[in-house]
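What follows is the content of data.csv (CSV, C-alpha atoms).
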```csv
chain,number,residue,atom,x,y,z
A,11,MET,CA,2.3,28.4,-32.0
A,12,ILE,CA,1.9,25.9,-29.3
A,13,PRO,CA,3.1,22.5,-30.4
A,14,ALA,CA,1.0,19.4,-30.3
A,15,GLU,CA,1.4,18.4,-26.7
A,16,ASP,CA,2.4,14.8,-27.1
A,17,ASP,CA,4.2,14.1,-30.3
A,18,PRO,CA,5.2,10.5,-30.9
A,19,GLY,CA,8.8,11.3,-30.4
A,20,ALA,CA,8.2,12.4,-26.9
A,21,ALA,CA,6.8,9.1,-25.7
A,22,PRO,CA,8.3,8.3,-22.3
A,23,LEU,CA,11.2,5.9,-22.4
A,24,PRO,CA,11.0,2.8,-20.3
A,25,GLU,CA,12.4,3.5,-16.9
A,26,PRO,CA,14.5,0.8,-15.3
A,27,ARG,CA,13.1,0.1,-12.0
A,28,ALA,CA,15.3,-0.8,-9.1
A,29,GLN,CA,12.7,-2.7,-7.2
A,30,GLY,CA,9.6,-4.6,-8.1
A,31,GLY,CA,10.3,-7.7,-10.0
A,32,PRO,CA,7.8,-9.6,-12.1
A,33,GLY,CA,4.4,-9.7,-10.4
A,34,HIS,CA,5.3,-6.9,-8.1
A,35,ARG,CA,3.6,-3.6,-8.3
A,36,SER,CA,5.9,-0.7,-8.1
A,37,GLY,CA,3.8,2.3,-9.0
A,38,ALA,CA,2.2,4.7,-6.6
A,39,PRO,CA,3.3,4.6,-2.9
A,40,GLY,CA,1.6,1.8,-1.2
A,41,GLY,CA,0.9,0.1,-4.5
A,42,ARG,CA,-2.5,1.9,-4.7
A,43,LEU,CA,-3.6,4.2,-7.4
A,44,PRO,CA,-4.5,7.7,-6.3
A,45,GLY,CA,-8.2,8.0,-6.6
A,46,ARG,CA,-10.2,10.6,-8.5
A,47,ARG,CA,-12.0,13.0,-6.2
A,48,PRO,CA,-15.4,13.9,-7.4
A,49,ALA,CA,-14.7,17.5,-6.4
A,50,ALA,CA,-11.9,17.7,-8.9
A,51,ARG,CA,-13.1,20.0,-11.6
A,52,PRO,CA,-11.3,21.2,-14.6
A,53,GLY,CA,-10.2,24.8,-14.7
A,54,GLY,CA,-13.1,26.7,-16.2
A,55,PRO,CA,-15.8,24.4,-17.6
A,56,GLY,CA,-18.3,26.5,-19.5
A,57,PHE,CA,-15.4,28.8,-20.3
A,58,SER,CA,-16.2,29.2,-23.9
A,59,LEU,CA,-15.2,32.2,-25.9
A,60,THR,CA,-17.5,32.8,-28.8
A,61,ASP,CA,-16.6,34.7,-31.8
A,62,ALA,CA,-18.7,37.5,-30.6
A,63,ALA,CA,-16.3,37.9,-27.7
A,64,ALA,CA,-13.2,37.7,-29.9
A,65,GLY,CA,-11.6,40.9,-31.0
A,66,PRO,CA,-10.3,41.6,-34.4
A,67,LEU,CA,-7.3,39.5,-35.2
A,68,VAL,CA,-4.6,40.8,-37.5
A,69,ARG,CA,-3.0,38.8,-40.2
A,70,PRO,CA,-4.9,35.6,-40.9
A,71,TYR,CA,-8.1,37.6,-41.4
A,72,ALA,CA,-6.7,39.8,-44.1
A,73,MET,CA,-7.8,37.1,-46.5
A,74,THR,CA,-11.3,37.2,-45.2
A,75,GLY,CA,-11.8,40.9,-45.4
A,76,GLY,CA,-11.7,41.1,-41.6
A,77,ARG,CA,-14.6,38.8,-41.0
A,78,THR,CA,-14.0,36.4,-38.2
A,79,ARG,CA,-17.2,34.3,-38.4
A,80,PRO,CA,-18.6,32.5,-41.3
A,81,ASP,CA,-21.9,33.6,-42.8
A,82,ARG,CA,-23.2,30.1,-42.3
A,83,ALA,CA,-23.1,29.1,-38.7
A,84,GLU,CA,-23.4,25.4,-39.5
A,85,LEU,CA,-19.9,24.9,-40.6
A,86,ASP,CA,-18.1,22.5,-38.2
A,87,MET,CA,-14.5,21.3,-38.4
A,88,ILE,CA,-15.8,17.9,-39.7
A,89,THR,CA,-18.3,19.4,-42.2
A,90,VAL,CA,-17.4,17.7,-45.4
A,91,VAL,CA,-17.0,19.9,-48.5
A,92,VAL,CA,-16.4,19.3,-52.1
A,93,ALA,CA,-16.1,21.6,-55.1
A,94,ALA,CA,-19.1,21.7,-57.4
A,95,ARG,CA,-18.5,20.3,-60.8
A,96,ARG,CA,-19.7,23.3,-62.7
A,97,PRO,CA,-16.9,25.8,-63.2
A,98,PRO,CA,-17.0,28.5,-60.5
A,99,ASP,CA,-17.3,32.2,-61.1
A,100,THR,CA,-13.9,33.3,-59.9
A,101,VAL,CA,-14.5,37.0,-59.9
A,102,GLY,CA,-13.6,38.5,-56.6
A,103,LEU,CA,-12.1,35.3,-55.2
A,104,GLU,CA,-8.9,35.4,-53.2
A,105,PRO,CA,-6.0,33.0,-54.1
A,106,GLU,CA,-6.9,31.0,-50.9
A,107,HIS,CA,-10.4,30.4,-52.3
A,108,LEU,CA,-9.0,29.0,-55.4
A,109,ALA,CA,-6.5,26.8,-53.5
A,110,ILE,CA,-9.5,25.4,-51.5
A,111,LEU,CA,-11.4,24.6,-54.7
A,112,ASP,CA,-8.3,22.9,-56.1
A,113,LEU,CA,-7.9,20.8,-53.0
A,114,CYS,CA,-11.5,19.8,-52.8
A,115,THR,CA,-12.0,17.9,-56.1
A,116,GLY,CA,-13.1,15.1,-53.8
A,117,PRO,CA,-14.9,15.3,-50.5
A,118,VAL,CA,-12.7,16.7,-47.7
A,119,SER,CA,-13.4,17.9,-44.2
A,120,VAL,CA,-12.9,21.5,-43.2
A,121,ALA,CA,-10.2,20.3,-40.7
A,122,GLU,CA,-8.3,18.7,-43.6
A,123,VAL,CA,-8.6,21.8,-45.7
A,124,SER,CA,-7.1,23.7,-42.8
A,125,ALA,CA,-4.3,21.3,-42.3
A,126,HIS,CA,-3.3,20.9,-45.9
A,127,LEU,CA,-3.4,24.6,-46.7
A,128,ASP,CA,-2.0,25.6,-43.3
A,129,ILE,CA,-4.8,28.1,-42.8
A,130,PRO,CA,-6.4,28.3,-39.3
A,131,LEU,CA,-9.8,26.6,-39.0
A,132,THR,CA,-11.6,29.8,-38.3
A,133,VAL,CA,-10.4,31.4,-41.5
A,134,VAL,CA,-11.1,28.2,-43.5
A,135,LYS,CA,-14.7,28.3,-42.3
A,136,VAL,CA,-15.1,31.9,-43.6
A,137,LEU,CA,-13.5,31.1,-47.0
A,138,VAL,CA,-15.6,27.9,-47.4
A,139,SER,CA,-18.7,29.8,-46.6
A,140,ASP,CA,-18.0,32.3,-49.3
A,141,LEU,CA,-17.6,29.4,-51.8
A,142,ILE,CA,-20.8,27.7,-50.6
A,143,ALA,CA,-22.7,31.0,-50.9
A,144,ARG,CA,-21.7,31.4,-54.6
A,145,GLY,CA,-22.5,27.8,-55.4
A,146,ALA,CA,-18.9,26.8,-56.0
A,147,MET,CA,-18.9,24.3,-53.2
A,148,LEU,CA,-21.3,21.7,-51.6
A,149,ALA,CA,-21.2,20.8,-48.0
A,150,ARG,CA,-22.6,18.1,-45.7
A,151,ALA,CA,-22.8,19.0,-42.0
A,152,PRO,CA,-22.2,16.3,-39.3
A,153,LEU,CA,-25.0,14.9,-37.2
A,154,PRO,CA,-26.5,17.5,-34.8
A,155,THR,CA,-25.4,17.0,-31.2
A,156,ALA,CA,-28.8,16.4,-29.9
A,157,GLN,CA,-29.5,13.5,-32.2
A,158,LEU,CA,-28.5,9.9,-31.4
A,159,PRO,CA,-26.3,8.5,-34.2
A,160,GLU,CA,-28.2,6.2,-36.4
A,161,LYS,CA,-27.7,2.5,-35.9
A,162,HIS,CA,-26.6,1.9,-39.5
A,163,VAL,CA,-23.9,4.6,-39.2
A,164,LEU,CA,-22.6,3.0,-36.0
A,165,GLN,CA,-22.6,-0.4,-37.6
A,166,ALA,CA,-20.7,1.0,-40.6
A,167,VAL,CA,-18.1,2.5,-38.3
A,168,LEU,CA,-17.8,-0.8,-36.4
A,169,ASP,CA,-17.3,-2.7,-39.7
A,170,GLY,CA,-14.9,0.0,-41.0
A,171,ILE,CA,-12.7,-0.3,-37.9
A,172,ARG,CA,-12.7,-4.1,-38.1
A,173,ARG,CA,-11.4,-3.9,-41.6
A,174,LEU,CA,-8.4,-1.7,-40.7
B,882,MET,CA,-31.2,16.4,-44.5
B,883,ALA,CA,-28.1,17.3,-42.7
B,884,SER,CA,-26.6,19.3,-45.6
B,885,VAL,CA,-25.9,22.9,-46.3
B,886,GLY,CA,-25.2,24.8,-49.4
B,887,SER,CA,-26.9,24.6,-52.8
B,888,ASP,CA,-28.6,21.5,-53.8
B,889,PRO,CA,-26.4,19.1,-55.7
B,890,GLY,CA,-26.6,19.6,-59.4
B,891,PRO,CA,-26.5,16.7,-61.9
B,892,GLY,CA,-23.1,15.1,-61.8
B,893,ASP,CA,-22.3,16.6,-58.4
B,894,PRO,CA,-20.6,14.1,-56.2
B,895,GLU,CA,-22.3,12.5,-53.2
B,896,ILE,CA,-20.8,13.8,-50.0
B,897,PRO,CA,-20.1,11.3,-47.2
B,898,LEU,CA,-21.2,11.9,-43.6
B,899,ALA,CA,-18.3,12.6,-41.2
B,900,VAL,CA,-18.4,11.3,-37.6
B,901,LYS,CA,-15.7,11.7,-35.0
B,902,ILE,CA,-14.2,10.0,-32.0
B,903,LEU,CA,-12.1,11.9,-29.5
B,904,VAL,CA,-8.9,10.6,-28.0
B,905,ALA,CA,-8.4,12.3,-24.6
B,906,GLY,CA,-6.0,11.9,-21.7
B,907,GLY,CA,-3.3,13.7,-19.9
B,908,PHE,CA,-0.1,15.1,-21.3
B,909,GLY,CA,2.1,12.4,-22.7
B,910,ALA,CA,-0.6,9.7,-22.3
B,911,GLY,CA,-0.1,8.6,-25.9
B,912,LYS,CA,-3.0,10.4,-27.6
B,913,THR,CA,-1.2,11.3,-30.8
B,914,THR,CA,0.5,7.9,-30.9
B,915,MET,CA,-2.9,6.2,-30.8
B,916,VAL,CA,-4.4,8.4,-33.4
B,917,GLY,CA,-1.4,7.7,-35.7
B,918,SER,CA,-1.5,3.9,-35.1
B,919,VAL,CA,-5.1,3.5,-36.4
B,920,SER,CA,-5.3,6.4,-38.9
B,921,GLU,CA,-5.1,5.6,-42.6
B,922,ILE,CA,-3.3,8.9,-43.2
B,923,THR,CA,-0.3,10.4,-41.4
B,924,PRO,CA,-2.0,12.4,-38.7
B,925,LEU,CA,-2.6,16.0,-39.8
B,926,SER,CA,-2.4,19.0,-37.6
B,927,THR,CA,-4.7,22.0,-37.9
B,928,GLU,CA,-4.8,25.1,-35.7
B,929,GLU,CA,-7.4,27.3,-34.2
B,930,VAL,CA,-6.7,30.8,-33.3
B,931,MET,CA,-8.7,32.1,-30.3
B,932,THR,CA,-8.7,35.4,-28.6
B,933,GLU,CA,-8.9,35.2,-24.9
B,934,ALA,CA,-9.4,37.9,-22.4
B,935,SER,CA,-6.7,38.2,-19.8
B,936,LEU,CA,-5.6,40.7,-17.3
B,937,GLY,CA,-2.4,42.5,-18.1
B,938,ILE,CA,0.3,42.1,-15.5
B,939,ASP,CA,1.1,45.7,-15.3
B,940,ASP,CA,-2.4,46.7,-15.7
B,941,LEU,CA,-2.8,49.6,-13.2
B,942,ALA,CA,-6.2,50.6,-14.6
B,943,GLY,CA,-7.6,47.0,-14.4
B,944,VAL,CA,-8.5,47.1,-18.0
B,945,GLU,CA,-9.0,43.7,-19.7
B,946,GLN,CA,-6.5,42.9,-22.3
B,947,LYS,CA,-6.9,40.4,-25.1
B,948,THR,CA,-4.3,38.0,-26.2
B,949,THR,CA,-4.5,35.5,-29.0
B,950,THR,CA,-3.8,31.8,-28.5
B,951,THR,CA,-3.1,29.2,-31.1
B,952,VAL,CA,-4.0,25.7,-30.3
B,953,ALA,CA,-2.9,22.8,-32.4
B,954,LEU,CA,-5.2,19.8,-33.1
B,955,ASP,CA,-3.9,16.5,-34.3
B,956,PHE,CA,-6.3,14.2,-36.2
B,957,GLY,CA,-6.4,11.1,-38.2
B,958,ARG,CA,-8.9,9.6,-40.7
B,959,ILE,CA,-10.5,6.3,-41.3
B,960,THR,CA,-12.6,5.9,-44.5
B,961,VAL,CA,-15.4,3.7,-43.4
B,962,ASN,CA,-17.2,3.4,-46.7
B,963,ASP,CA,-18.4,5.6,-49.6
B,964,SER,CA,-20.9,7.3,-47.3
B,965,VAL,CA,-19.2,7.5,-43.9
B,966,VAL,CA,-15.8,8.8,-42.9
B,967,LEU,CA,-14.5,8.7,-39.3
B,968,TYR,CA,-12.2,11.3,-37.9
B,969,LEU,CA,-10.1,10.8,-34.7
B,970,PHE,CA,-9.2,13.9,-32.9
B,971,GLY,CA,-6.6,14.1,-30.1
B,972,THR,CA,-7.8,16.6,-27.6
B,973,PRO,CA,-5.5,19.5,-26.8
B,974,GLY,CA,-3.9,19.8,-23.4
B,975,GLN,CA,-6.2,20.7,-20.5
B,976,GLY,CA,-6.4,23.9,-18.6
B,977,ARG,CA,-6.4,26.9,-20.9
B,978,PHE,CA,-7.7,24.8,-23.9
B,979,TRP,CA,-11.0,23.9,-22.5
B,980,PHE,CA,-12.8,26.2,-24.9
B,981,MET,CA,-11.6,23.9,-27.7
B,982,TRP,CA,-13.0,20.8,-26.0
B,983,ASP,CA,-16.5,22.1,-26.3
B,984,GLU,CA,-16.3,22.5,-30.0
B,985,LEU,CA,-14.5,19.1,-30.4
B,986,ALA,CA,-17.1,17.3,-28.3
B,987,GLN,CA,-20.0,18.6,-30.3
B,988,GLY,CA,-21.5,15.7,-32.1
B,989,ALA,CA,-18.7,13.3,-31.2
B,990,LEU,CA,-19.8,9.6,-31.1
B,991,GLY,CA,-17.7,9.1,-28.0
B,992,SER,CA,-14.3,9.3,-26.6
B,993,VAL,CA,-11.3,7.2,-25.6
B,994,VAL,CA,-9.7,8.4,-22.4
B,995,LEU,CA,-6.1,7.2,-22.3
B,996,ALA,CA,-4.9,6.6,-18.8
B,997,ASP,CA,-1.3,6.4,-17.7
B,998,THR,CA,-1.2,4.6,-14.4
B,999,ARG,CA,2.1,6.3,-13.5
B,1000,ARG,CA,0.1,9.6,-13.2
B,1001,LEU,CA,-3.5,8.6,-13.3
B,1002,ASP,CA,-4.7,11.9,-12.0
B,1003,THR,CA,-3.8,13.5,-15.4
B,1004,CYS,CA,-6.9,11.9,-16.9
B,1005,PHE,CA,-9.3,12.9,-14.2
B,1006,PRO,CA,-10.3,16.2,-15.9
B,1007,ALA,CA,-11.1,14.3,-19.1
B,1008,VAL,CA,-13.3,11.8,-17.2
B,1009,ASP,CA,-15.1,14.6,-15.5
B,1010,PHE,CA,-15.6,16.4,-18.8
B,1011,PHE,CA,-17.2,13.5,-20.6
B,1012,GLU,CA,-19.3,12.4,-17.5
B,1013,ARG,CA,-20.7,15.9,-17.1
B,1014,ARG,CA,-21.7,16.1,-20.8
B,1015,ASP,CA,-23.0,12.5,-20.8
B,1016,ILE,CA,-20.7,11.6,-23.7
B,1017,PRO,CA,-19.9,7.9,-23.9
B,1018,PHE,CA,-16.3,7.0,-23.2
B,1019,VAL,CA,-14.1,4.1,-22.5
B,1020,ILE,CA,-10.9,4.1,-20.5
B,1021,ALA,CA,-7.9,2.7,-22.3
B,1022,VAL,CA,-5.0,2.0,-19.9
B,1023,ASN,CA,-1.9,2.6,-22.0
B,1024,ARG,CA,0.6,0.1,-20.8
B,1025,PHE,CA,4.0,1.8,-20.8
B,1026,ASP,CA,7.0,-0.3,-20.3
B,1027,GLY,CA,8.0,-0.2,-16.7
B,1028,SER,CA,4.6,0.9,-15.5
B,1029,ALA,CA,3.0,-1.0,-12.8
B,1030,ALA,CA,0.4,-3.6,-13.7
B,1031,TYR,CA,-2.8,-2.6,-12.1
B,1032,THR,CA,-6.0,-4.6,-12.5
B,1033,GLU,CA,-9.1,-3.3,-14.2
B,1034,ALA,CA,-10.8,-3.3,-10.8
B,1035,GLU,CA,-8.1,-1.1,-9.2
B,1036,VAL,CA,-8.3,1.4,-12.1
B,1037,ARG,CA,-12.0,1.4,-11.9
B,1038,GLN,CA,-12.0,2.1,-8.2
B,1039,ALA,CA,-9.4,4.9,-8.6
B,1040,LEU,CA,-11.3,6.6,-11.4
B,1041,ASP,CA,-14.7,6.1,-9.8
B,1042,VAL,CA,-16.4,5.6,-13.1
B,1043,ARG,CA,-19.8,4.0,-13.6
B,1044,ALA,CA,-19.9,0.2,-13.7
B,1045,ASP,CA,-20.9,0.2,-17.4
B,1046,VAL,CA,-17.9,2.3,-18.5
B,1047,PRO,CA,-15.5,-0.2,-20.3
B,1048,ILE,CA,-11.9,-0.3,-19.1
B,1049,VAL,CA,-9.4,-2.0,-21.5
B,1050,MET,CA,-5.7,-2.5,-21.4
B,1051,ALA,CA,-4.0,-1.0,-24.4
B,1052,ASP,CA,-0.7,-0.3,-26.2
B,1053,ALA,CA,-1.3,2.9,-28.1
B,1054,ARG,CA,1.6,2.1,-30.5
B,1055,ARG,CA,0.0,-1.0,-31.9
B,1056,ARG,CA,-2.8,-0.7,-34.5
B,1057,GLU,CA,-4.4,-4.0,-33.4
B,1058,SER,CA,-4.7,-2.6,-29.8
B,1059,GLY,CA,-6.0,0.7,-31.0
B,1060,LYS,CA,-8.6,-1.1,-33.1
B,1061,GLU,CA,-9.7,-3.1,-30.1
B,1062,VAL,CA,-10.1,0.1,-28.1
B,1063,LEU,CA,-12.2,1.8,-30.8
B,1064,LEU,CA,-14.4,-1.3,-31.3
B,1065,THR,CA,-15.0,-1.4,-27.5
B,1066,LEU,CA,-16.0,2.2,-27.6
B,1067,VAL,CA,-18.4,1.9,-30.6
B,1068,GLU,CA,-20.0,-1.2,-29.1
B,1069,HIS,CA,-20.4,0.7,-25.9
B,1070,VAL,CA,-22.1,3.6,-27.8
B,1071,MET,CA,-24.4,1.1,-29.5
B,1072,ARG,CA,-25.4,-0.4,-26.2
B,1073,ARG,CA,-26.1,3.0,-24.7
B,1074,ARG,CA,-28.1,4.0,-27.8
B,1075,SER,CA,-30.3,0.9,-27.4
B,1076,LEU,CA,-30.9,1.6,-23.7
B,1077,ALA,CA,-31.7,5.3,-24.5
B,1078,LEU,CA,-34.2,4.2,-27.1
B,1079,SER,CA,-35.9,1.6,-25.0
B,1080,GLY,CA,-36.3,4.2,-22.3
```

As structure tokens, please, write out the structure in this file.
Amino acid sequence: MIPAEDDPGAAPLPEPRAQGGPGHRSGAPGGRLPGRRPAARPGGPGFSLTDAAAGPLVRPYAMTGGRTRPDRAELDMITVVVAARRPPDTVGLEPEHLAILDLCTGPVSVAEVSAHLDIPLTVVKVLVSDLIARGAMLARAPLPTAQLPEKHVLQAVLDGIRRL
Amino acid sequence: MASVGSDPGPGDPEIPLAVKILVAGGFGAGKTTMVGSVSEITPLSTEEVMTEASLGIDDLAGVEQKTTTTVALDFGRITVNDSVVLYLFGTPGQGRFWFMWDELAQGALGSVVLADTRRLDTCFPAVDFFERRDIPFVIAVNRFDGSAAYTEAEVRQALDVRADVPIVMADARRRESGKEVLLTLVEHVMRRRSLALSG
């Protein structure tokens, strides 16, 4: 497991600076910021491994019967899911399916399910797909990438942030 | 309708729409700190397991080997109202985690790029990434104690970003400052949306 790369505890401490009193810049040599070169490109844009390219993984996928991709391709990490109110048919469900149903009595994102149950995202997507397929869960997908966000959504977000 | 699954039955709950904003920047620029300062919940961490092809070091036959990589994603949540919820995702470190950025960027409203003027170049790849995908972003210069005070113009020149990209000074530890950054971003997204619609 690779740790989150900048946990709050790792915030850099203030460094006493020998020179550069108030009003003096003491950063980069010459007091100038190093510029971004347009040529600078990240290592491997477009480097995207799809599930098709991924080989079989071992342990986490035991609970999904070896499947590594959900039946419903639409599931995103911010797809919001909720357990249907009618009692589910639990025949054939794994304990992890039941844990997800227990967690989702109210609307929760796929990412939150993953974080709370400590199950990798890819696996949660498969399990949630199972539950949707049998009518035990309902889901709402996020906006498609190609679509501009609606103005009323943006306005709501703006108001919501202001209220924080 | 942007919904999947069976139709809601009587008594089934209404499901809010989720939107997301990314918080990007170099290592140690304060991404997780900022997510935590504005989130209504303690930031959560989820992980994605990916298989990546790599060449084995002792690979005499030149056969590709596969290794699995686990990448942690930290995120926070802001409940906007009954029908909209906002998620804030810190982007994972650069380099080998670019595959994760593509999924994260899908459908994002926009991004905050946290810049640390002590090592400004660490945010260049993030700026490149969002520019190339035409994803709206703002630059938030995280003011660390002891860091030099550069002006907005100096930062803008060094980053070589379009004139309409907002640059704000910020303190990732403070909620009020984080709010200001997010408001600047959403207002920027709204302006770009109006421009796009007016052609």

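Atom CA of A:Cys114 sits 15.4 Å away from atom CA of A:Thr100.
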
Would you work out the distance separating atom CA of A:Leu111 from atom CA of A:His126, expressed in Å to one decimal?
12.5 Å

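Of the residues listed (B:Leu1078, B:Val1036, B:Val1049, B:Leu969), B:Val1036 shows the shortest atom-to-atom separation from B:Arg999; distances use all atoms listed in the file.
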
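The residue set within 9 Å of A:Glu122, counting all atoms listed in the file and dropping same-chain residues fewer than 6 places from it, reads Met87 and Ile88 of chain A; Leu925, Ser926, Thr927 and Phe956 of chain B.
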
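Using all atoms listed in the file for every distance, the candidate list B:Ala899, B:Ala1021, B:Val1046, B:Val904 yields B:Ala899 as the residue closest to A:Ser119.
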
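Nearest residue to chain B among A:Ala125, A:Ala146, A:Leu113, A:Val118 is A:Ala125, counting all atoms listed in the file.
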
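Going from atom CA of B:Thr998 over to atom CA of B:Pro973, you cover 19.9 Å.
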
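Ranking B:Gly988, B:Gly1080, B:Gly917, B:Gly906 by their shortest atom-to-atom distance to chain A, with all atoms listed in the file included, puts B:Gly988 first.
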
Nearest-residue call for A:Pro44, choices B:Arg1054, B:Val1019, B:Leu1001, B:Ala1030, using all atoms listed in the file
B:Leu1001

Place N, CA and C atoms on stretch 136-156 of chain A and deliver the coordinates as a short mmCIF file (atom, residue, chain, number, x, y, z; two decimals), in the coordinates of the input.
```cif
data_model
loop_
_atom_site.label_atom_id
_atom_site.label_comp_id
_atom_site.auth_asym_id
_atom_site.auth_seq_id
_atom_site.Cartn_x
_atom_site.Cartn_y
_atom_site.Cartn_z
N VAL A 136 -14.62 30.68 -42.90
CA VAL A 136 -15.10 31.90 -43.60
C VAL A 136 -14.96 31.71 -45.11
N LEU A 137 -13.80 31.24 -45.52
CA LEU A 137 -13.50 31.10 -47.00
C LEU A 137 -14.47 30.07 -47.59
N VAL A 138 -14.67 28.96 -46.91
CA VAL A 138 -15.60 27.90 -47.40
C VAL A 138 -16.99 28.43 -47.51
N SER A 139 -17.38 29.21 -46.52
CA SER A 139 -18.70 29.80 -46.60
C SER A 139 -18.93 30.67 -47.79
N ASP A 140 -17.90 31.44 -48.13
CA ASP A 140 -18.00 32.30 -49.30
C ASP A 140 -18.24 31.39 -50.56
N LEU A 141 -17.50 30.28 -50.62
CA LEU A 141 -17.60 29.40 -51.80
C LEU A 141 -18.96 28.71 -51.86
N ILE A 142 -19.49 28.34 -50.68
CA ILE A 142 -20.80 27.70 -50.60
C ILE A 142 -21.86 28.75 -51.09
N ALA A 143 -21.69 29.99 -50.61
CA ALA A 143 -22.70 31.00 -50.90
C ALA A 143 -22.76 31.29 -52.42
N ARG A 144 -21.65 31.13 -53.11
CA ARG A 144 -21.70 31.40 -54.60
C ARG A 144 -21.91 30.10 -55.37
N GLY A 145 -22.22 29.03 -54.67
CA GLY A 145 -22.50 27.80 -55.40
C GLY A 145 -21.32 27.04 -55.92
N ALA A 146 -20.13 27.45 -55.48
CA ALA A 146 -18.90 26.80 -56.00
C ALA A 146 -18.56 25.56 -55.17
N MET A 147 -19.18 25.41 -54.01
CA MET A 147 -18.90 24.30 -53.20
C MET A 147 -20.18 23.69 -52.59
N LEU A 148 -20.15 22.41 -52.30
CA LEU A 148 -21.30 21.70 -51.60
C LEU A 148 -20.72 21.26 -50.28
N ALA A 149 -21.61 21.18 -49.32
CA ALA A 149 -21.20 20.80 -48.00
C ALA A 149 -22.16 19.82 -47.35
N ARG A 150 -21.66 18.98 -46.47
CA ARG A 150 -22.60 18.10 -45.70
C ARG A 150 -22.15 18.28 -44.21
N ALA A 151 -23.11 18.74 -43.41
CA ALA A 151 -22.80 19.00 -42.00
C ALA A 151 -22.84 17.62 -41.24
N PRO A 152 -22.10 17.54 -40.14
CA PRO A 152 -22.20 16.30 -39.30
C PRO A 152 -23.52 16.24 -38.61
N LEU A 153 -23.72 15.13 -37.91
CA LEU A 153 -25.00 14.90 -37.20
C LEU A 153 -25.10 16.01 -36.09
N PRO A 154 -26.30 16.52 -35.88
CA PRO A 154 -26.50 17.50 -34.80
C PRO A 154 -26.24 16.78 -33.45
N THR A 155 -25.74 17.55 -32.50
CA THR A 155 -25.40 17.00 -31.20
C THR A 155 -26.52 16.29 -30.50
N ALA A 156 -27.69 16.89 -30.63
CA ALA A 156 -28.80 16.40 -29.90
C ALA A 156 -29.33 15.02 -30.41
#
```
